[in-house]
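The structure appears right after this line, and notes come after that.
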Amino acid sequence: MISVDKPIVNTEDILNYIPQRAPIVLVSRIYKSDESSIITGFDITADHIFTQNNKLTESGIIENMAQTAASRAGYEAVKNNTKPSVGFIGNIKDLVIHHLPSMGNELLTEVVTKTQVMNVSIIEAKSYCLGQLIATCEMKIFLQDNA
């Protein structure tokens with residue numbers, strides 16, 4: 001279970017920290033970010049491209065996890081006055097989706113970096129909604145160099 005306080009990045013500023021743009025944005029705010037982890041929140045709405053039958057789809061959950069990882073890289077880039085890098089999912093391992101979260105709720109996602117070698121990160125992601133574990137996985141993410 002994740003507990004959060006006041007966000008450190010609000011919805012109106014989130015696009016400064018991630019490379020994604022509407023309609024594919026799946027992070028609404030950042031609650032915590034440090035050298036190896038991040039916690040984000042995402043408001044599930046009925047009109048989102050990854051919402052179907054009033055629930056966030058499996059693809060939406062996976063993309064939220066990837067964007068949470070991207071927002072950590074973006075948060076560090078903004079702190080260092082550089083542009084956030086674009087990331088690509090290279091591999092998804094041990095994905096378990098327990099159930100789909102409903103619209104009108106906030107999906108909280110925590111990403112912990114297990115290994116970082118040059119532009120490749122292996123992360124562990126866990127998503128929760130209403131205090132229940134929604135999904136877990138490990139991802140390999142490649143960050144593109146900013147040219």
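Residues in the structure tokens are numbered from 1 in each chain, the chains being A, B, ... in the order shown, and ligands are numbered from 1 in the order shown.
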Produce a table with one row for each residue of region 18-95 of chain A that has an atom at most 7 Å from any atom of region 103-113 of chain A, each row naming the nearest atom pair and its distance in Å at one decimal; use only C-alpha atoms; arrange rows by chain and rising residue number; format as a Markdown table.
```
| residue | atom | partner | partner_atom | distance |
| --- | --- | --- | --- | --- |
| A:Ser36 | CA | A:Thr113 | CA | 5.2 |
| A:Ser37 | CA | A:Val112 | CA | 4.3 |
| A:Ile38 | CA | A:Val111 | CA | 5.5 |
| A:Ile39 | CA | A:Glu110 | CA | 4.4 |
| A:Thr40 | CA | A:Thr109 | CA | 5.4 |
| A:Gly41 | CA | A:Leu108 | CA | 4.6 |
| A:Phe42 | CA | A:Leu107 | CA | 5.0 |
| A:Asp43 | CA | A:Glu106 | CA | 4.6 |
| A:Ile44 | CA | A:Met103 | CA | 4.7 |
| A:Thr45 | CA | A:Met103 | CA | 5.1 |
| A:Ala46 | CA | A:Met103 | CA | 5.8 |
| A:Asn54 | CA | A:Met103 | CA | 5.4 |
| A:Lys55 | CA | A:Met103 | CA | 5.5 |
| A:Leu56 | CA | A:Met103 | CA | 6.9 |
| A:Met65 | CA | A:Thr109 | CA | 6.6 |
| A:Thr68 | CA | A:Val111 | CA | 6.7 |
| A:Ala69 | CA | A:Val111 | CA | 6.1 |
```
Residue subset to file, keeping all heavy atoms, as a tab-separated table (two decimals), in the first residue's frame:
```
chain	number	residue	atom	x	y	z
A	36	SER	N	16.02	6.84	-6.45
A	36	SER	CA	15.72	5.50	-6.96
A	36	SER	C	14.24	5.19	-7.08
A	36	SER	O	13.88	4.11	-7.56
A	36	SER	CB	16.38	4.44	-6.06
A	36	SER	OG	15.80	4.50	-4.76
A	37	SER	N	13.35	6.11	-6.69
A	37	SER	CA	11.93	5.78	-6.75
A	37	SER	C	11.06	7.01	-7.00
A	37	SER	O	11.52	8.15	-6.85
A	37	SER	CB	11.48	5.09	-5.46
A	37	SER	OG	11.56	5.99	-4.37
A	38	ILE	N	9.82	6.74	-7.37
A	38	ILE	CA	8.85	7.81	-7.61
A	38	ILE	C	7.46	7.26	-7.32
A	38	ILE	O	7.21	6.06	-7.50
A	38	ILE	CB	8.95	8.35	-9.05
A	38	ILE	CG1	8.05	9.59	-9.22
A	38	ILE	CG2	8.61	7.28	-10.08
A	38	ILE	CD1	8.40	10.43	-10.43
A	39	ILE	N	6.57	8.14	-6.89
A	39	ILE	CA	5.15	7.80	-6.71
A	39	ILE	C	4.35	8.85	-7.47
A	39	ILE	O	4.54	10.05	-7.27
A	39	ILE	CB	4.74	7.79	-5.23
A	39	ILE	CG1	5.50	6.71	-4.47
A	39	ILE	CG2	3.22	7.55	-5.11
A	39	ILE	CD1	5.28	6.73	-2.96
A	40	THR	N	3.45	8.36	-8.34
A	40	THR	CA	2.58	9.25	-9.10
A	40	THR	C	1.12	8.90	-8.85
A	40	THR	O	0.80	7.81	-8.37
A	40	THR	CB	2.83	9.15	-10.62
A	40	THR	OG1	2.48	7.84	-11.07
A	40	THR	CG2	4.27	9.47	-10.98
A	41	GLY	N	0.27	9.84	-9.21
A	41	GLY	CA	-1.17	9.61	-9.19
A	41	GLY	C	-1.74	9.88	-10.56
A	41	GLY	O	-1.26	10.76	-11.29
A	42	PHE	N	-2.77	9.12	-10.92
A	42	PHE	CA	-3.47	9.32	-12.20
A	42	PHE	C	-4.96	9.29	-11.95
A	42	PHE	O	-5.48	8.32	-11.38
A	42	PHE	CB	-3.08	8.25	-13.22
A	42	PHE	CG	-3.90	8.31	-14.48
A	42	PHE	CD1	-3.86	9.42	-15.31
A	42	PHE	CD2	-4.74	7.26	-14.82
A	42	PHE	CE1	-4.63	9.49	-16.46
A	42	PHE	CE2	-5.52	7.32	-15.98
A	42	PHE	CZ	-5.46	8.43	-16.80
A	43	ASP	N	-5.65	10.34	-12.39
A	43	ASP	CA	-7.11	10.42	-12.25
A	43	ASP	C	-7.76	9.68	-13.42
A	43	ASP	O	-7.60	10.08	-14.58
A	43	ASP	CB	-7.56	11.88	-12.24
A	43	ASP	CG	-6.97	12.65	-11.08
A	43	ASP	OD1	-6.85	12.06	-9.98
A	43	ASP	OD2	-6.63	13.83	-11.27
A	44	ILE	N	-8.49	8.62	-13.12
A	44	ILE	CA	-9.13	7.81	-14.15
A	44	ILE	C	-10.45	8.47	-14.54
A	44	ILE	O	-11.34	8.63	-13.69
A	44	ILE	CB	-9.38	6.37	-13.65
A	44	ILE	CG1	-8.07	5.74	-13.18
A	44	ILE	CG2	-10.03	5.52	-14.74
A	44	ILE	CD1	-8.24	4.48	-12.36
A	45	THR	N	-10.56	8.87	-15.79
A	45	THR	CA	-11.77	9.54	-16.29
A	45	THR	C	-12.44	8.70	-17.37
A	45	THR	O	-11.78	7.91	-18.06
A	45	THR	CB	-11.44	10.93	-16.85
A	45	THR	OG1	-10.50	10.78	-17.92
A	45	THR	CG2	-10.84	11.84	-15.77
A	46	ALA	N	-13.73	8.90	-17.52
A	46	ALA	CA	-14.52	8.13	-18.50
A	46	ALA	C	-14.11	8.44	-19.93
A	46	ALA	O	-14.21	7.56	-20.80
A	46	ALA	CB	-16.01	8.43	-18.31
A	54	ASN	N	-15.98	2.00	-18.27
A	54	ASN	CA	-15.77	2.70	-17.00
A	54	ASN	C	-14.60	2.18	-16.18
A	54	ASN	O	-14.55	2.39	-14.97
A	54	ASN	CB	-17.06	2.71	-16.17
A	54	ASN	CG	-18.15	3.47	-16.84
A	54	ASN	OD1	-17.91	4.49	-17.48
A	54	ASN	ND2	-19.38	2.98	-16.74
A	55	LYS	N	-13.65	1.50	-16.82
A	55	LYS	CA	-12.47	1.00	-16.13
A	55	LYS	C	-11.23	1.31	-16.96
A	55	LYS	O	-11.28	1.37	-18.18
A	55	LYS	CB	-12.57	-0.51	-15.91
A	55	LYS	CG	-13.72	-0.90	-14.99
A	55	LYS	CD	-13.57	-2.32	-14.52
A	55	LYS	CE	-14.71	-2.70	-13.61
A	55	LYS	NZ	-14.62	-2.16	-12.28
A	56	LEU	N	-10.10	1.50	-16.27
A	56	LEU	CA	-8.83	1.68	-16.96
A	56	LEU	C	-8.41	0.33	-17.52
A	56	LEU	O	-8.43	-0.68	-16.81
A	56	LEU	CB	-7.76	2.22	-15.99
A	56	LEU	CG	-6.42	2.59	-16.60
A	56	LEU	CD1	-6.56	3.73	-17.61
A	56	LEU	CD2	-5.43	2.98	-15.50
A	65	MET	N	2.45	2.78	-15.73
A	65	MET	CA	3.69	2.36	-15.06
A	65	MET	C	4.91	2.91	-15.81
A	65	MET	O	5.85	3.43	-15.19
A	65	MET	CB	3.76	0.84	-14.97
A	65	MET	CG	2.77	0.23	-14.03
A	65	MET	SD	2.77	-1.58	-14.18
A	65	MET	CE	2.00	-2.04	-12.63
A	68	THR	N	5.15	6.62	-15.30
A	68	THR	CA	5.63	6.91	-13.96
A	68	THR	C	7.15	6.85	-13.95
A	68	THR	O	7.81	7.74	-13.39
A	68	THR	CB	5.02	5.94	-12.93
A	68	THR	OG1	3.61	6.17	-12.88
A	68	THR	CG2	5.61	6.14	-11.54
A	69	ALA	N	7.73	5.84	-14.58
A	69	ALA	CA	9.19	5.76	-14.69
A	69	ALA	C	9.73	6.97	-15.46
A	69	ALA	O	10.73	7.57	-15.06
A	69	ALA	CB	9.60	4.46	-15.36
```
> Tell me, which residues of region 37-146 of chain A carry DSSP strand (DSSP E or B), written as a ChimeraX atom specification?
Replying inline: /A:37-43,51-52,55-56,87-97,102,106-117,120-129,132-143
Take the residues from that selection and put them in a file with C-alpha atoms, as a PDB file, in the first residue's frame.
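Okay, this is what ended up in out37.pdb:
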```
ATOM      1  CA  SER A  37      11.927   5.783  -6.752  1.00  0.00           C
ATOM      2  CA  ILE A  38       8.851   7.806  -7.610  1.00  0.00           C
ATOM      3  CA  ILE A  39       5.153   7.799  -6.712  1.00  0.00           C
ATOM      4  CA  THR A  40       2.581   9.253  -9.104  1.00  0.00           C
ATOM      5  CA  GLY A  41      -1.172   9.609  -9.185  1.00  0.00           C
ATOM      6  CA  PHE A  42      -3.469   9.324 -12.200  1.00  0.00           C
ATOM      7  CA  ASP A  43      -7.109  10.420 -12.253  1.00  0.00           C
ATOM      8  CA  THR A  51     -10.800   3.800 -20.318  1.00  0.00           C
ATOM      9  CA  GLN A  52     -13.298   1.216 -21.471  1.00  0.00           C
ATOM     10  CA  LYS A  55     -12.468   0.995 -16.130  1.00  0.00           C
ATOM     11  CA  LEU A  56      -8.828   1.677 -16.959  1.00  0.00           C
ATOM     12  CA  GLY A  87      11.828   6.336 -23.065  1.00  0.00           C
ATOM     13  CA  PHE A  88      10.844   3.071 -24.709  1.00  0.00           C
ATOM     14  CA  ILE A  89       9.653  -0.116 -23.055  1.00  0.00           C
ATOM     15  CA  GLY A  90      12.104  -2.853 -24.009  1.00  0.00           C
ATOM     16  CA  ASN A  91      10.637  -5.695 -21.966  1.00  0.00           C
ATOM     17  CA  ILE A  92       7.837  -6.425 -19.515  1.00  0.00           C
ATOM     18  CA  LYS A  93       8.382  -9.281 -17.086  1.00  0.00           C
ATOM     19  CA  ASP A  94       6.152 -10.928 -14.467  1.00  0.00           C
ATOM     20  CA  LEU A  95       3.140  -8.724 -15.207  1.00  0.00           C
ATOM     21  CA  VAL A  96       0.206  -9.445 -12.887  1.00  0.00           C
ATOM     22  CA  ILE A  97      -3.023  -7.459 -13.132  1.00  0.00           C
ATOM     23  CA  SER A 102     -12.781   2.156 -12.021  1.00  0.00           C
ATOM     24  CA  GLU A 106      -6.972   7.781  -8.506  1.00  0.00           C
ATOM     25  CA  LEU A 107      -4.428   5.154  -9.531  1.00  0.00           C
ATOM     26  CA  LEU A 108      -1.278   5.427  -7.394  1.00  0.00           C
ATOM     27  CA  THR A 109       1.857   3.946  -8.914  1.00  0.00           C
ATOM     28  CA  GLU A 110       5.255   3.431  -7.333  1.00  0.00           C
ATOM     29  CA  VAL A 111       8.289   2.708  -9.458  1.00  0.00           C
ATOM     30  CA  VAL A 112      11.603   1.654  -7.946  1.00  0.00           C
ATOM     31  CA  THR A 113      14.733   1.506 -10.098  1.00  0.00           C
ATOM     32  CA  LYS A 114      16.433  -1.825  -9.476  1.00  0.00           C
ATOM     33  CA  THR A 115      19.314  -1.369 -11.925  1.00  0.00           C
ATOM     34  CA  GLN A 116      20.542   1.478 -14.113  1.00  0.00           C
ATOM     35  CA  VAL A 117      23.309   0.980 -16.674  1.00  0.00           C
ATOM     36  CA  VAL A 120      18.881   1.269 -19.650  1.00  0.00           C
ATOM     37  CA  SER A 121      16.844   0.937 -16.462  1.00  0.00           C
ATOM     38  CA  ILE A 122      15.209  -2.091 -14.919  1.00  0.00           C
ATOM     39  CA  ILE A 123      12.313  -0.953 -12.780  1.00  0.00           C
ATOM     40  CA  GLU A 124       9.807  -2.605 -10.499  1.00  0.00           C
ATOM     41  CA  ALA A 125       6.302  -1.109 -10.614  1.00  0.00           C
ATOM     42  CA  LYS A 126       3.291  -1.483  -8.320  1.00  0.00           C
ATOM     43  CA  SER A 127      -0.069   0.199  -8.832  1.00  0.00           C
ATOM     44  CA  TYR A 128      -2.812   0.644  -6.240  1.00  0.00           C
ATOM     45  CA  CYS A 129      -6.352   1.974  -6.223  1.00  0.00           C
ATOM     46  CA  GLN A 132      -5.846  -2.396  -3.143  1.00  0.00           C
ATOM     47  CA  LEU A 133      -2.970  -3.737  -5.222  1.00  0.00           C
ATOM     48  CA  ILE A 134      -3.996  -3.434  -8.872  1.00  0.00           C
ATOM     49  CA  ALA A 135      -0.904  -4.587 -10.768  1.00  0.00           C
ATOM     50  CA  THR A 136       2.816  -5.372 -10.535  1.00  0.00           C
ATOM     51  CA  CYS A 137       5.565  -5.926 -13.069  1.00  0.00           C
ATOM     52  CA  GLU A 138       9.199  -5.442 -13.919  1.00  0.00           C
ATOM     53  CA  MET A 139      10.119  -3.393 -16.982  1.00  0.00           C
ATOM     54  CA  LYS A 140      13.266  -2.737 -18.929  1.00  0.00           C
ATOM     55  CA  ILE A 141      13.210   0.832 -20.199  1.00  0.00           C
ATOM     56  CA  PHE A 142      15.572   2.432 -22.713  1.00  0.00           C
ATOM     57  CA  LEU A 143      16.047   6.202 -22.598  1.00  0.00           C
TER      58      LEU A 143
END
```
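The nearest approach to Arg21 (chain A) among the residues A:Asn80, A:Ser33, A:Ser59, A:Gln67, with only C-alpha atoms taken into account, belongs to A:Gln67.
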> Skipping near chain neighbours, those fewer than 3 positions away, what residues fall within 9 Å of Glu76 (chain A) using only C-alpha atoms, listed as a PyMOL selection string?
Replying inline: chain A and resi 17+33-35+71-73+79-82+84
Could those selected residues go to a file with all heavy atoms, as a short mmCIF file (atom, residue, chain, number, x, y, z; two decimals), in the first residue's frame?
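As written to disk, result.cif reads:
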```cif
data_model
loop_
_atom_site.label_atom_id
_atom_site.label_comp_id
_atom_site.auth_asym_id
_atom_site.auth_seq_id
_atom_site.Cartn_x
_atom_site.Cartn_y
_atom_site.Cartn_z
N TYR A 17 7.28 17.38 -17.20
CA TYR A 17 8.08 16.27 -16.66
C TYR A 17 7.97 14.98 -17.47
O TYR A 17 8.71 14.04 -17.20
CB TYR A 17 7.65 15.99 -15.21
CG TYR A 17 7.91 17.17 -14.32
CD1 TYR A 17 6.98 18.20 -14.19
CD2 TYR A 17 9.11 17.29 -13.64
CE1 TYR A 17 7.23 19.30 -13.39
CE2 TYR A 17 9.37 18.40 -12.84
CZ TYR A 17 8.42 19.40 -12.72
OH TYR A 17 8.68 20.49 -11.94
N SER A 33 9.62 11.87 -5.35
CA SER A 33 10.66 11.43 -6.27
C SER A 33 12.00 11.55 -5.57
O SER A 33 12.29 12.56 -4.95
CB SER A 33 10.66 12.27 -7.55
OG SER A 33 11.63 11.77 -8.45
N ASP A 34 12.80 10.48 -5.63
CA ASP A 34 14.15 10.53 -5.09
C ASP A 34 15.08 9.81 -6.04
O ASP A 34 14.70 9.51 -7.18
CB ASP A 34 14.20 9.96 -3.65
CG ASP A 34 13.77 8.51 -3.54
OD1 ASP A 34 13.98 7.73 -4.50
OD2 ASP A 34 13.22 8.14 -2.50
N GLU A 35 16.28 9.50 -5.60
CA GLU A 35 17.31 8.94 -6.51
C GLU A 35 16.97 7.57 -7.07
O GLU A 35 17.53 7.15 -8.07
CB GLU A 35 18.68 8.91 -5.83
CG GLU A 35 18.77 8.04 -4.59
CD GLU A 35 18.22 8.68 -3.31
OE1 GLU A 35 17.99 9.89 -3.27
OE2 GLU A 35 18.01 7.92 -2.35
N SER A 71 8.41 9.88 -15.65
CA SER A 71 8.27 11.11 -14.87
C SER A 71 9.41 11.26 -13.86
O SER A 71 9.80 12.37 -13.52
CB SER A 71 6.90 11.19 -14.19
OG SER A 71 6.72 10.17 -13.26
N ARG A 72 9.97 10.14 -13.40
CA ARG A 72 11.13 10.23 -12.51
C ARG A 72 12.33 10.80 -13.28
O ARG A 72 13.03 11.70 -12.80
CB ARG A 72 11.50 8.88 -11.90
CG ARG A 72 12.63 9.01 -10.90
CD ARG A 72 13.07 7.66 -10.32
NE ARG A 72 14.43 7.81 -9.88
CZ ARG A 72 15.51 7.72 -10.65
NH1 ARG A 72 15.40 7.45 -11.92
NH2 ARG A 72 16.71 7.89 -10.15
N ALA A 73 12.56 10.28 -14.48
CA ALA A 73 13.64 10.80 -15.32
C ALA A 73 13.39 12.27 -15.65
O ALA A 73 14.31 13.09 -15.64
CB ALA A 73 13.78 9.97 -16.59
N LYS A 79 15.14 19.26 -12.61
CA LYS A 79 16.00 19.72 -11.52
C LYS A 79 17.37 20.15 -12.04
O LYS A 79 17.99 21.06 -11.51
CB LYS A 79 16.20 18.60 -10.48
CG LYS A 79 15.16 18.59 -9.41
CD LYS A 79 15.35 17.59 -8.30
CE LYS A 79 16.65 16.91 -8.15
NZ LYS A 79 16.67 15.89 -7.10
N ASN A 80 17.85 19.47 -13.09
CA ASN A 80 19.17 19.74 -13.65
C ASN A 80 19.12 20.67 -14.87
O ASN A 80 20.09 20.76 -15.62
CB ASN A 80 19.86 18.42 -14.02
CG ASN A 80 20.15 17.58 -12.80
OD1 ASN A 80 20.59 18.09 -11.77
ND2 ASN A 80 19.88 16.29 -12.88
N ASN A 81 17.96 21.29 -15.10
CA ASN A 81 17.78 22.23 -16.22
C ASN A 81 18.07 21.62 -17.58
O ASN A 81 18.68 22.25 -18.45
CB ASN A 81 18.62 23.49 -16.02
CG ASN A 81 18.15 24.31 -14.86
OD1 ASN A 81 16.94 24.47 -14.66
ND2 ASN A 81 19.08 24.81 -14.07
N THR A 82 17.65 20.35 -17.76
CA THR A 82 17.77 19.71 -19.06
C THR A 82 16.39 19.24 -19.50
O THR A 82 15.43 19.26 -18.75
CB THR A 82 18.74 18.50 -19.00
OG1 THR A 82 18.23 17.54 -18.07
CG2 THR A 82 20.14 18.93 -18.61
N PRO A 84 13.58 16.51 -20.54
CA PRO A 84 13.29 15.09 -20.26
C PRO A 84 13.52 14.22 -21.50
O PRO A 84 13.19 14.61 -22.61
CB PRO A 84 11.81 15.09 -19.86
CG PRO A 84 11.54 16.47 -19.41
CD PRO A 84 12.43 17.36 -20.24
#
```
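Note that CA of Glu58 (chain A) and CA of Ala77 (chain A) are 28.8 Å apart.
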Which of region 36-68 of chain A end up as alpha helix (DSSP H) when DSSP is run on this backbone - answer as a JSON list (two decimals) with all heavy atoms, in the first residue's frame?
```
[["chain", "number", "residue", "atom", "x", "y", "z"],
["A", 58, "GLU", "N", -6.02, -2.73, -19.33],
["A", 58, "GLU", "CA", -4.71, -3.31, -19.06],
["A", 58, "GLU", "C", -3.60, -2.48, -19.70],
["A", 58, "GLU", "O", -2.57, -2.21, -19.08],
["A", 58, "GLU", "CB", -4.64, -4.76, -19.58],
["A", 58, "GLU", "CG", -5.55, -5.73, -18.87],
["A", 58, "GLU", "CD", -6.96, -5.85, -19.47],
["A", 58, "GLU", "OE1", -7.36, -4.96, -20.27],
["A", 58, "GLU", "OE2", -7.67, -6.80, -19.12],
["A", 59, "SER", "N", -3.83, -2.06, -20.95],
["A", 59, "SER", "CA", -2.83, -1.24, -21.65],
["A", 59, "SER", "C", -2.61, 0.08, -20.93],
["A", 59, "SER", "O", -1.48, 0.58, -20.86],
["A", 59, "SER", "CB", -3.29, -0.96, -23.09],
["A", 59, "SER", "OG", -3.42, -2.15, -23.81],
["A", 60, "GLY", "N", -3.68, 0.65, -20.39],
["A", 60, "GLY", "CA", -3.57, 1.89, -19.65],
["A", 60, "GLY", "C", -2.74, 1.73, -18.39],
["A", 60, "GLY", "O", -1.94, 2.61, -18.03],
["A", 61, "ILE", "N", -2.94, 0.62, -17.69],
["A", 61, "ILE", "CA", -2.16, 0.35, -16.47],
["A", 61, "ILE", "C", -0.68, 0.23, -16.81],
["A", 61, "ILE", "O", 0.18, 0.82, -16.14],
["A", 61, "ILE", "CB", -2.67, -0.92, -15.77],
["A", 61, "ILE", "CG1", -4.09, -0.68, -15.23],
["A", 61, "ILE", "CG2", -1.73, -1.34, -14.64],
["A", 61, "ILE", "CD1", -4.80, -1.94, -14.76],
["A", 62, "ILE", "N", -0.37, -0.52, -17.85],
["A", 62, "ILE", "CA", 1.03, -0.71, -18.25],
["A", 62, "ILE", "C", 1.65, 0.62, -18.68],
["A", 62, "ILE", "O", 2.78, 0.96, -18.29],
["A", 62, "ILE", "CB", 1.13, -1.76, -19.38],
["A", 62, "ILE", "CG1", 0.72, -3.14, -18.85],
["A", 62, "ILE", "CG2", 2.54, -1.80, -19.99],
["A", 62, "ILE", "CD1", 0.45, -4.17, -19.94],
["A", 63, "GLU", "N", 0.92, 1.40, -19.47],
["A", 63, "GLU", "CA", 1.44, 2.69, -19.91],
["A", 63, "GLU", "C", 1.61, 3.65, -18.74],
["A", 63, "GLU", "O", 2.57, 4.42, -18.68],
["A", 63, "GLU", "CB", 0.53, 3.29, -20.99],
["A", 63, "GLU", "CG", 1.01, 4.62, -21.54],
["A", 63, "GLU", "CD", 2.36, 4.59, -22.24],
["A", 63, "GLU", "OE1", 2.80, 3.51, -22.71],
["A", 63, "GLU", "OE2", 3.00, 5.66, -22.30],
["A", 64, "ASN", "N", 0.71, 3.59, -17.76],
["A", 64, "ASN", "CA", 0.85, 4.40, -16.55],
["A", 64, "ASN", "C", 2.14, 4.06, -15.82],
["A", 64, "ASN", "O", 2.85, 4.95, -15.35],
["A", 64, "ASN", "CB", -0.37, 4.21, -15.64],
["A", 64, "ASN", "CG", -0.12, 4.75, -14.24],
["A", 64, "ASN", "OD1", 0.27, 3.99, -13.35],
["A", 64, "ASN", "ND2", -0.32, 6.03, -14.06],
["A", 65, "MET", "N", 2.45, 2.78, -15.73],
["A", 65, "MET", "CA", 3.69, 2.36, -15.06],
["A", 65, "MET", "C", 4.91, 2.91, -15.81],
["A", 65, "MET", "O", 5.85, 3.43, -15.19],
["A", 65, "MET", "CB", 3.76, 0.84, -14.97],
["A", 65, "MET", "CG", 2.77, 0.23, -14.03],
["A", 65, "MET", "SD", 2.77, -1.58, -14.18],
["A", 65, "MET", "CE", 2.00, -2.04, -12.63],
["A", 66, "ALA", "N", 4.88, 2.82, -17.13],
["A", 66, "ALA", "CA", 6.00, 3.33, -17.94],
["A", 66, "ALA", "C", 6.12, 4.85, -17.81],
["A", 66, "ALA", "O", 7.22, 5.39, -17.69],
["A", 66, "ALA", "CB", 5.83, 2.92, -19.40],
["A", 67, "GLN", "N", 4.98, 5.55, -17.83],
["A", 67, "GLN", "CA", 5.02, 7.01, -17.69],
["A", 67, "GLN", "C", 5.45, 7.43, -16.30],
["A", 67, "GLN", "O", 6.06, 8.49, -16.13],
["A", 67, "GLN", "CB", 3.66, 7.61, -18.05],
["A", 67, "GLN", "CG", 3.40, 7.59, -19.54],
["A", 67, "GLN", "CD", 2.14, 8.31, -19.93],
["A", 67, "GLN", "OE1", 1.71, 9.25, -19.27],
["A", 67, "GLN", "NE2", 1.55, 7.88, -21.04],
["A", 68, "THR", "N", 5.15, 6.62, -15.30],
["A", 68, "THR", "CA", 5.63, 6.91, -13.96],
["A", 68, "THR", "C", 7.15, 6.85, -13.95],
["A", 68, "THR", "O", 7.81, 7.74, -13.39],
["A", 68, "THR", "CB", 5.02, 5.94, -12.93],
["A", 68, "THR", "OG1", 3.61, 6.17, -12.88],
["A", 68, "THR", "CG2", 5.61, 6.14, -11.54]]
```
>> Counting only C-alpha atoms, which residue out of A:Val86, A:Ala70, A:Leu130, A:Ile30 sits closest to Asp5 (chain A)?
In response: A:Ile30
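Candidate residues A:His98, A:Lys6, A:Lys32, A:His48 were compared for distance to Tyr75 (chain A), and the nearest is A:Lys32, using only C-alpha atoms.
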